[in-house]
Every structure is written in C-alpha cells, then in structure tokens.
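Asks: For reference, the structure I am asking about is given below.
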Amino acid sequence: MKLILTILFIMVSAGNVLAAGTAVDYQVNGQTYEGYFVSPKAGAPLVLLVHDWDGLTDYEVKRADMLAELGYAVFAADLFGKGMRPTEVVDMRQHTGELYKDRAKLRALLQGSLDAAKAQGGNVDNAVSMGYCFGGAAVLEQARSGADLKGFVTFHGGLATPEGQDYSKAKGQFLILHGTADSSITMQDFANLAVELEKHGVAHEMITYSGAPHAFTVFGGKRYHADADHKSWQRFVEYLQATLR
C-alpha cells in the first residue's frame, strides 16, 4: 500500500509540474514584455511560439500546454508589451504595422524572447520557432536574420519577403502550413516563397489544405477548419519528432 501511495504521489506531482506554466516578465530594450513558459522537464526540446496579431492570449497558452504534454518546453513570446492585448482590429493593425515598419525592432524582440526562454532554462541549442498568422510572418523574419535554430514553422502565416531581404542566411528545416482558400495570404505568395527558398538552398516542406481559409487553426473562430487544423497539427508533431533531439 505504501508503494502504491508513493507511485500515486509521484504521478500527481509530475502532473502538477507539467501544469505549472508561468507568466514571465522580461525586458527588451528597456520595455517590459510578458511571455509564458511551460516545460515538462529540465532540458526538454524547446519551441518558441509567436502569437497572432491580437497578442499573447489564451489560444497561444493552450497550444503551449498541448506541446508540453508531448514533451516539449515552450516559451510563448510577447511582441507587443506587457498588458498590450488588442481586441479591436484597428489596434491589432497598429501594433503589427509598427513592427512591420521596424524590422530591426521585430528581430530584437524575437531574440529577446529567445534570451528570456534561455533564462527560464529553455534549451535554445535544441529549438525551433513557430508562429500563427502575424507570428508566422515574424518567424520568417527571424529565419532571414540568420537565427541559429533547427527549424521554422508557420501556420497560415504571412509569407511575403520585404524588399531588400532574402533567405541567404537562413538555417534549419522549414515547415509551411497554409490554407489553399486563404484570401489574405494567397497561393501566389505561397509559390513565391517556395521559389525563394529553393533559390537559396533552404530545406523546406510546404503544405496547403483544401478549403482552409486564413486562421484555420483558431479554435472556435468563424474560420476554424477542423480537418486542416488536425492534419497540420499532426504534421507539426511529426516534424518536431524528426527535427529535435
């Protein structure tokens, strides 16, 4: 009986550790940001998760917890600033627009988030970066900067390359997951990215899902597409298993 109780205690404790994701305040260039870190164990492979244009919300926390249940540490970045979680489209456009116009700041925020993950014990030497919508565009910006990560993943992310940039410094394996019915980021954008990645010898896999519109992974959203969400998540999990030790 004592042995059984001990085993149960260990199991409950392990579950509590897994559930103990925490908000993390960190500084980038004198401004405070609030990310979210969760890890099943010390040294777990790391996923840097970058939010959509409404900031770091319960959606990203849910995805982070889903990954933690699979054995990955996750740092969900904050690119807008602590307390900045826009709910109106005009404000979302303002925050993302400012970063699109200031690519140096965007890159600094991504590196600052990675540094914050490392400070929490995240294994940045065994890591990939992934993002949703705006976060996907940010992840590709990070890749073009030459960030030394094992891979970069976008879900219905912005795919256009800014003028004057290219993928000559990009490292790692790319996974681009896109909706064929996305009218915001078109299939022409998708094709252009494929040509660019091939031109620069960047290893990549790019998948589109029929009938899936923009934001197809967002639970409960008007554009949620269950089939595309399930298939893209499964491919992402397989990618992580193959890419991270």
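To be explicit about the labels: the chains of the structure tokens are called A, B, and onward in the order shown, and within each one the residues are counted from 1, while ligands get numbers from 1 in the order they are shown.
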With region 178-189 of chain A as the partner and 8 Å as the cut-off, tabulate the residues of region 77-171 of chain A that qualify, each row holding the nearest pair of atoms and their distance in Å to one decimal, using only C-alpha atoms, sorted by chain and rising number, as a tab-separated table.

Replies:
residue	atom	partner	partner_atom	distance
A:Thr154	CA	A:His178	CA	8.0
A:Phe155	CA	A:His178	CA	6.1
A:His156	CA	A:His178	CA	4.8
A:Gly157	CA	A:His178	CA	7.5
A:Gly158	CA	A:Ile185	CA	6.2
A:Leu159	CA	A:Asp189	CA	6.0
A:Ala160	CA	A:Asp189	CA	6.1

Asks: May I have the residues within 6 Å of Met130 (chain A) as a short mmCIF file (atom, residue, chain, number, x, y, z; two decimals) with C-alpha atoms, in the first residue's frame, using only C-alpha atoms and disregarding those fewer than 4 positions away in the same chain?

Replies:
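The result, stored in result.cif:
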data_model
loop_
_atom_site.label_atom_id
_atom_site.label_comp_id
_atom_site.auth_asym_id
_atom_site.auth_seq_id
_atom_site.Cartn_x
_atom_site.Cartn_y
_atom_site.Cartn_z
CA LEU A 49 5.85 30.15 -30.04
CA PHE A 152 10.99 27.48 -38.51
CA VAL A 153 7.28 26.71 -38.80
CA THR A 154 4.34 28.84 -39.89
#

Asks: Pick the closest to Met92 (chain A) from A:Gly30, A:Gly164, A:Gly55, A:Gly220: which is it, counting only C-alpha atoms?

Replies: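 Closest residue, counting only C-alpha atoms: A:Gly55.
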
Asks: With only C-alpha atoms as the basis for distance, which of A:Ala127, A:Val218, A:Cys133, A:Ala20 is at the shortest distance from Gln241 (chain A)?

Replies: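 Using only C-alpha atoms, the shortest distance to Gln241 (chain A) belongs to A:Ala127.
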
Asks: Check the smallest atom-to-atom distance from each of A:Gln111, A:Tyr132, A:Met84, A:Ala104 to Glu60 (chain A) using only C-alpha atoms, then report the winner.

Replies: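 Among the listed residues, the smallest separation from Glu60 (chain A) belongs to A:Tyr132.
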
Asks: Give me the residues within 12 Å of Tyr224 (chain A) as a ChimeraX atom specification, counting only C-alpha atoms and dropping any in the same chain fewer than 2 places off.

Replies: /A:156,179,182,211-222,226-230

Asks: Counting only C-alpha atoms, which of A:Glu196, A:Glu141, A:Asp58, A:Asp102 gets nearest to Tyr36 (chain A)?

Replies: A:Asp58

Asks: Using only C-alpha atoms, which protein or nucleic acid residues come within 10 Å of Asp115 (chain A)? Drop anything in the same chain fewer than 5 positions from it, and give the result as a list in words.

Replies: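 Counting only the stated atoms, we get Tyr26, Gln27, Val28, Leu109, Leu110, Gln120, Gly121, Gly122 and Val124 of chain A.
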
Asks: Check the smallest atom-to-atom distance from each of A:Gly35, A:Gly43, A:Pro162, A:Gly172 to Leu56 (chain A) using only C-alpha atoms, then report the winner.

Replies: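 The closest residue to Leu56 (chain A) is A:Gly35.
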
Asks: Which residue gives the smallest distance to His204 (chain A) among A:Lys171, A:Arg107, A:Lys231, A:His225, with only C-alpha atoms counted?

Replies: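 Going through A:Lys171, A:Arg107, A:Lys231, A:His225 one by one, the smallest distance to His204 (chain A) is for A:Lys171.
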
Asks: From the DSSP assignment of the backbone, select every residue of region 121-192 of chain A that is strand (DSSP E), and format the answer as a PyMOL selection string.

Replies: chain A and resi 123-132+151-155+173-179

Asks: Leaving out Gly201 (chain A) and any residue of its chain fewer than 4 positions from it, which residues lie within 12 Å of it when counting only C-alpha atoms, given as a list in words?

Replies: Asp166, Tyr167, Ser168, Lys169, Ala170, Lys171, Gly172, Gln173, Phe174, Ala194, Val195, Glu196 and Leu197 of chain A
